[in-house]
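Enquirer: The file below is input_35.tsv, TSV, N, CA and C atoms:
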chain	number	residue	atom	x	y	z
A	1	MET	N	23.09	47.16	6.78
A	1	MET	CA	22.89	45.97	5.99
A	1	MET	C	21.41	45.74	5.72
A	2	ASP	N	21.14	45.20	4.57
A	2	ASP	CA	19.75	44.92	4.21
A	2	ASP	C	19.27	43.66	4.90
A	3	LYS	N	18.04	43.72	5.34
A	3	LYS	CA	17.44	42.51	5.91
A	3	LYS	C	16.91	41.65	4.78
A	4	LYS	N	17.11	40.37	4.89
A	4	LYS	CA	16.60	39.46	3.86
A	4	LYS	C	15.09	39.36	3.97
A	5	LYS	N	14.45	39.43	2.84
A	5	LYS	CA	13.00	39.29	2.82
A	5	LYS	C	12.66	37.80	2.86
A	6	GLU	N	11.79	37.43	3.77
A	6	GLU	CA	11.37	36.04	3.85
A	6	GLU	C	10.20	35.83	2.91
A	7	TYR	N	10.21	34.69	2.23
A	7	TYR	CA	9.16	34.39	1.27
A	7	TYR	C	7.93	33.89	2.00
A	8	ASP	N	6.77	34.36	1.60
A	8	ASP	CA	5.51	33.94	2.21
A	8	ASP	C	5.02	32.68	1.50
A	9	TYR	N	5.22	31.53	2.13
A	9	TYR	CA	4.86	30.26	1.53
A	9	TYR	C	3.35	30.03	1.47
A	10	SER	N	2.57	30.87	2.13
A	10	SER	CA	1.12	30.69	2.08
A	10	SER	C	0.54	31.15	0.75
A	11	LYS	N	1.34	31.80	-0.09
A	11	LYS	CA	0.85	32.29	-1.38
A	11	LYS	C	1.18	31.34	-2.54
A	12	ILE	N	1.76	30.17	-2.25
A	12	ILE	CA	2.11	29.22	-3.30
A	12	ILE	C	0.84	28.55	-3.82
A	13	PRO	N	0.60	28.59	-5.13
A	13	PRO	CA	-0.58	27.90	-5.69
A	13	PRO	C	-0.30	26.41	-5.85
A	14	PHE	N	-0.76	25.62	-4.88
A	14	PHE	CA	-0.50	24.18	-4.91
A	14	PHE	C	-1.24	23.49	-6.06
A	15	THR	N	-2.32	24.08	-6.55
A	15	THR	CA	-3.02	23.49	-7.68
A	15	THR	C	-2.12	23.47	-8.91
A	16	GLY	N	-1.44	24.56	-9.17
A	16	GLY	CA	-0.52	24.62	-10.31
A	16	GLY	C	0.67	23.69	-10.14
A	17	LEU	N	1.21	23.65	-8.93
A	17	LEU	CA	2.33	22.75	-8.68
A	17	LEU	C	1.91	21.29	-8.82
A	18	GLY	N	0.72	20.97	-8.33
A	18	GLY	CA	0.21	19.60	-8.48
A	18	GLY	C	0.01	19.23	-9.93
A	19	LEU	N	-0.45	20.17	-10.71
A	19	LEU	CA	-0.65	19.95	-12.14
A	19	LEU	C	0.68	19.67	-12.84
A	20	ILE	N	1.68	20.45	-12.54
A	20	ILE	CA	2.99	20.29	-13.18
A	20	ILE	C	3.65	18.99	-12.75
A	21	PHE	N	3.73	18.77	-11.43
A	21	PHE	CA	4.41	17.58	-10.94
A	21	PHE	C	3.63	16.30	-11.23
A	22	GLY	N	2.30	16.36	-11.21
A	22	GLY	CA	1.50	15.18	-11.54
A	22	GLY	C	1.69	14.75	-12.98
A	23	THR	N	1.75	15.72	-13.87
A	23	THR	CA	1.99	15.41	-15.28
A	23	THR	C	3.38	14.83	-15.49
A	24	ALA	N	4.37	15.44	-14.86
A	24	ALA	CA	5.75	14.96	-15.02
A	24	ALA	C	5.92	13.55	-14.46
A	25	ILE	N	5.40	13.31	-13.27
A	25	ILE	CA	5.54	11.99	-12.66
A	25	ILE	C	4.73	10.95	-13.42
A	26	GLY	N	3.51	11.30	-13.84
A	26	GLY	CA	2.69	10.37	-14.61
A	26	GLY	C	3.34	10.01	-15.94
A	27	ALA	N	3.90	10.98	-16.62
A	27	ALA	CA	4.56	10.72	-17.91
A	27	ALA	C	5.82	9.88	-17.72
A	28	ALA	N	6.60	10.19	-16.71
A	28	ALA	CA	7.83	9.45	-16.47
A	28	ALA	C	7.54	7.99	-16.12
A	29	LEU	N	6.61	7.77	-15.20
A	29	LEU	CA	6.28	6.39	-14.84
A	29	LEU	C	5.65	5.64	-16.00
A	30	SER	N	4.85	6.32	-16.77
A	30	SER	CA	4.23	5.68	-17.93
A	30	SER	C	5.27	5.26	-18.96
A	31	LEU	N	6.24	6.12	-19.21
A	31	LEU	CA	7.31	5.77	-20.15
A	31	LEU	C	8.14	4.59	-19.64
A	32	ILE	N	8.40	4.57	-18.35
A	32	ILE	CA	9.20	3.49	-17.78
A	32	ILE	C	8.43	2.16	-17.81
A	33	ILE	N	7.17	2.18	-17.45
A	33	ILE	CA	6.41	0.94	-17.31
A	33	ILE	C	5.87	0.44	-18.65
A	34	THR	N	5.21	1.32	-19.42
A	34	THR	CA	4.52	0.86	-20.63
A	34	THR	C	5.20	1.28	-21.93
A	35	GLY	N	6.01	2.31	-21.92
A	35	GLY	CA	6.68	2.76	-23.12
A	35	GLY	C	5.91	3.81	-23.90
A	36	ASN	N	4.72	4.18	-23.45
A	36	ASN	CA	4.00	5.29	-24.09
A	36	ASN	C	3.53	6.27	-23.02
A	37	VAL	N	3.02	7.40	-23.45
A	37	VAL	CA	2.71	8.47	-22.50
A	37	VAL	C	1.20	8.62	-22.28
A	38	ILE	N	0.47	7.54	-22.48
A	38	ILE	CA	-0.99	7.59	-22.31
A	38	ILE	C	-1.40	7.95	-20.89
A	39	TRP	N	-0.67	7.45	-19.90
A	39	TRP	CA	-1.05	7.64	-18.51
A	39	TRP	C	-0.66	9.00	-17.95
A	40	ALA	N	-0.06	9.85	-18.75
A	40	ALA	CA	0.28	11.19	-18.28
A	40	ALA	C	-0.99	11.98	-17.96
A	41	GLY	N	-2.06	11.71	-18.67
A	41	GLY	CA	-3.34	12.38	-18.39
A	41	GLY	C	-3.87	12.04	-17.02
A	42	ILE	N	-3.71	10.78	-16.62
A	42	ILE	CA	-4.16	10.39	-15.29
A	42	ILE	C	-3.29	11.05	-14.23
A	43	GLY	N	-1.98	11.15	-14.48
A	43	GLY	CA	-1.11	11.86	-13.55
A	43	GLY	C	-1.48	13.32	-13.43
A	44	THR	N	-1.90	13.92	-14.54
A	44	THR	CA	-2.35	15.31	-14.52
A	44	THR	C	-3.59	15.47	-13.65
A	45	GLY	N	-4.53	14.57	-13.83
A	45	GLY	CA	-5.78	14.62	-13.03
A	45	GLY	C	-5.52	14.43	-11.56
A	46	VAL	N	-4.69	13.45	-11.22
A	46	VAL	CA	-4.38	13.20	-9.81
A	46	VAL	C	-3.64	14.38	-9.20
A	47	GLY	N	-2.68	14.93	-9.92
A	47	GLY	CA	-1.95	16.09	-9.42
A	47	GLY	C	-2.85	17.30	-9.23
A	48	LEU	N	-3.79	17.49	-10.13
A	48	LEU	CA	-4.73	18.60	-10.01
A	48	LEU	C	-5.63	18.43	-8.79
A	49	ILE	N	-6.11	17.23	-8.56
A	49	ILE	CA	-6.98	16.97	-7.41
A	49	ILE	C	-6.22	17.15	-6.09
A	50	VAL	N	-5.01	16.59	-6.03
A	50	VAL	CA	-4.22	16.71	-4.80
A	50	VAL	C	-3.85	18.18	-4.53
A	51	GLY	N	-3.45	18.90	-5.57
A	51	GLY	CA	-3.10	20.31	-5.40
A	51	GLY	C	-4.29	21.16	-4.97
A	52	ALA	N	-5.45	20.89	-5.53
A	52	ALA	CA	-6.65	21.64	-5.15
A	52	ALA	C	-7.04	21.33	-3.70
A	53	ALA	N	-6.89	20.07	-3.30
A	53	ALA	CA	-7.18	19.70	-1.91
A	53	ALA	C	-6.23	20.41	-0.95
A	54	MET	N	-4.96	20.50	-1.34
A	54	MET	CA	-3.99	21.20	-0.49
A	54	MET	C	-4.31	22.69	-0.41
A	55	ASP	N	-4.75	23.29	-1.51
A	55	ASP	CA	-5.16	24.69	-1.48
A	55	ASP	C	-6.38	24.89	-0.59
A	56	GLY	N	-7.33	23.98	-0.66
A	56	GLY	CA	-8.51	24.07	0.19
A	56	GLY	C	-8.18	23.93	1.67
A	57	PHE	N	-7.27	23.03	1.97
A	57	PHE	CA	-6.86	22.85	3.36
A	57	PHE	C	-6.10	24.07	3.87
A	58	LYS	N	-5.28	24.66	2.98
A	58	LYS	CA	-4.50	25.84	3.36
A	58	LYS	C	-5.42	27.03	3.68
A	59	LYS	N	-6.52	27.16	2.95
A	59	LYS	CA	-7.42	28.30	3.16
A	59	LYS	C	-8.22	28.18	4.45
A	60	ARG	N	-8.41	26.93	4.92
A	60	ARG	CA	-9.16	26.74	6.17
A	60	ARG	C	-8.38	27.14	7.40
A	61	LYS	N	-7.05	27.12	7.31
A	61	LYS	CA	-6.23	27.47	8.49
A	61	LYS	C	-6.27	28.92	8.80
Would you mind giving the structure from this file in structure tokens?
Expert:
Amino acid sequence: MDKKKEYDYSKIPFTGLGLIFGTAIGAALSLIITGNVIWAGIGTGVGLIVGAAMDGFKKRK
């Protein structure tokens, strides 16, 4: 039987994930609260900063 290959989670680019999820969450909340998508840019920036911080923390370990 073949052994299942385990995925190496240390190779996940959290900066990219933060960018994607920050934009999605920022746009969704903006549409719900204000009715326009102006705040999606702020969600993108916050997601990028949080993802980059997570990548930096991951590299220190």
Enquirer: Find the residue from A:Gly56, A:Pro13, A:Gly22, A:Leu29 that sits nearest to Ile42 of chain A; use all atoms listed in the file when measuring.
Expert: A:Gly22
Enquirer: For a test of reading the model, state the distance in Å between atom C of Leu48 of chain A and atom CA of Arg60 of chain A, rounded to one decimal.
Expert: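 Separation of atom C of Leu48 of chain A and atom CA of Arg60 of chain A: 17.5 Å.
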Enquirer: Could you work out how far atom C of Gly51 of chain A lies from atom CA of Trp39 of chain A, giving the answer in Å with one decimal?
Expert: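 According to the coordinates, atom CA of Trp39 of chain A and atom C of Gly51 of chain A are separated by 19.4 Å.
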Enquirer: Got a sec to tell me which of chain A DSSP assigns to alpha helix (DSSP H), as JSON, numbers by chain?
Expert: {"A": [14, 15, 16, 17, 18, 19, 20, 21, 22, 23, 24, 25, 26, 27, 28, 29, 30, 31, 32, 33, 40, 41, 42, 43, 44, 45, 46, 47, 48, 49, 50, 51, 52, 53, 54, 55, 56, 57, 58, 59, 60]}
Enquirer: As an MDAnalysis selection string, please: the residues near Ala52 of chain A (cut-off 8 Å, only C-alpha atoms, same-chain neighbours under 6 positions excluded).
Expert: chainID A and resid 14:15 18
Enquirer: Of the candidates A:Thr23, A:Ile12, A:Phe57, A:Leu17, which one gets nearest to Thr44 of chain A if we count all atoms listed in the file?
Expert: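 Nearest to Thr44 of chain A: A:Thr23.
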Enquirer: (2.2, 10.1, -7.5) in this file's frame - what residues fall within 8 Å of it? Use all atoms listed in the file and give the answer as a list in words.
Expert: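 Every residue inside that radius is included here: Phe21, Gly22, Ile25, Gly26, Gly43, Val46 and Gly47 of chain A.
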Enquirer: Could you work out how far atom N of Met54 of chain A lies from atom C of Ala40 of chain A, giving the answer in Å with one decimal?
Expert: 19.1 Å
Enquirer: Determine the nearest neighbour of Val50 of chain A from the options A:Ala24, A:Ile38, A:Lys11, A:Leu19, counting all atoms listed in the file.
Expert: A:Leu19
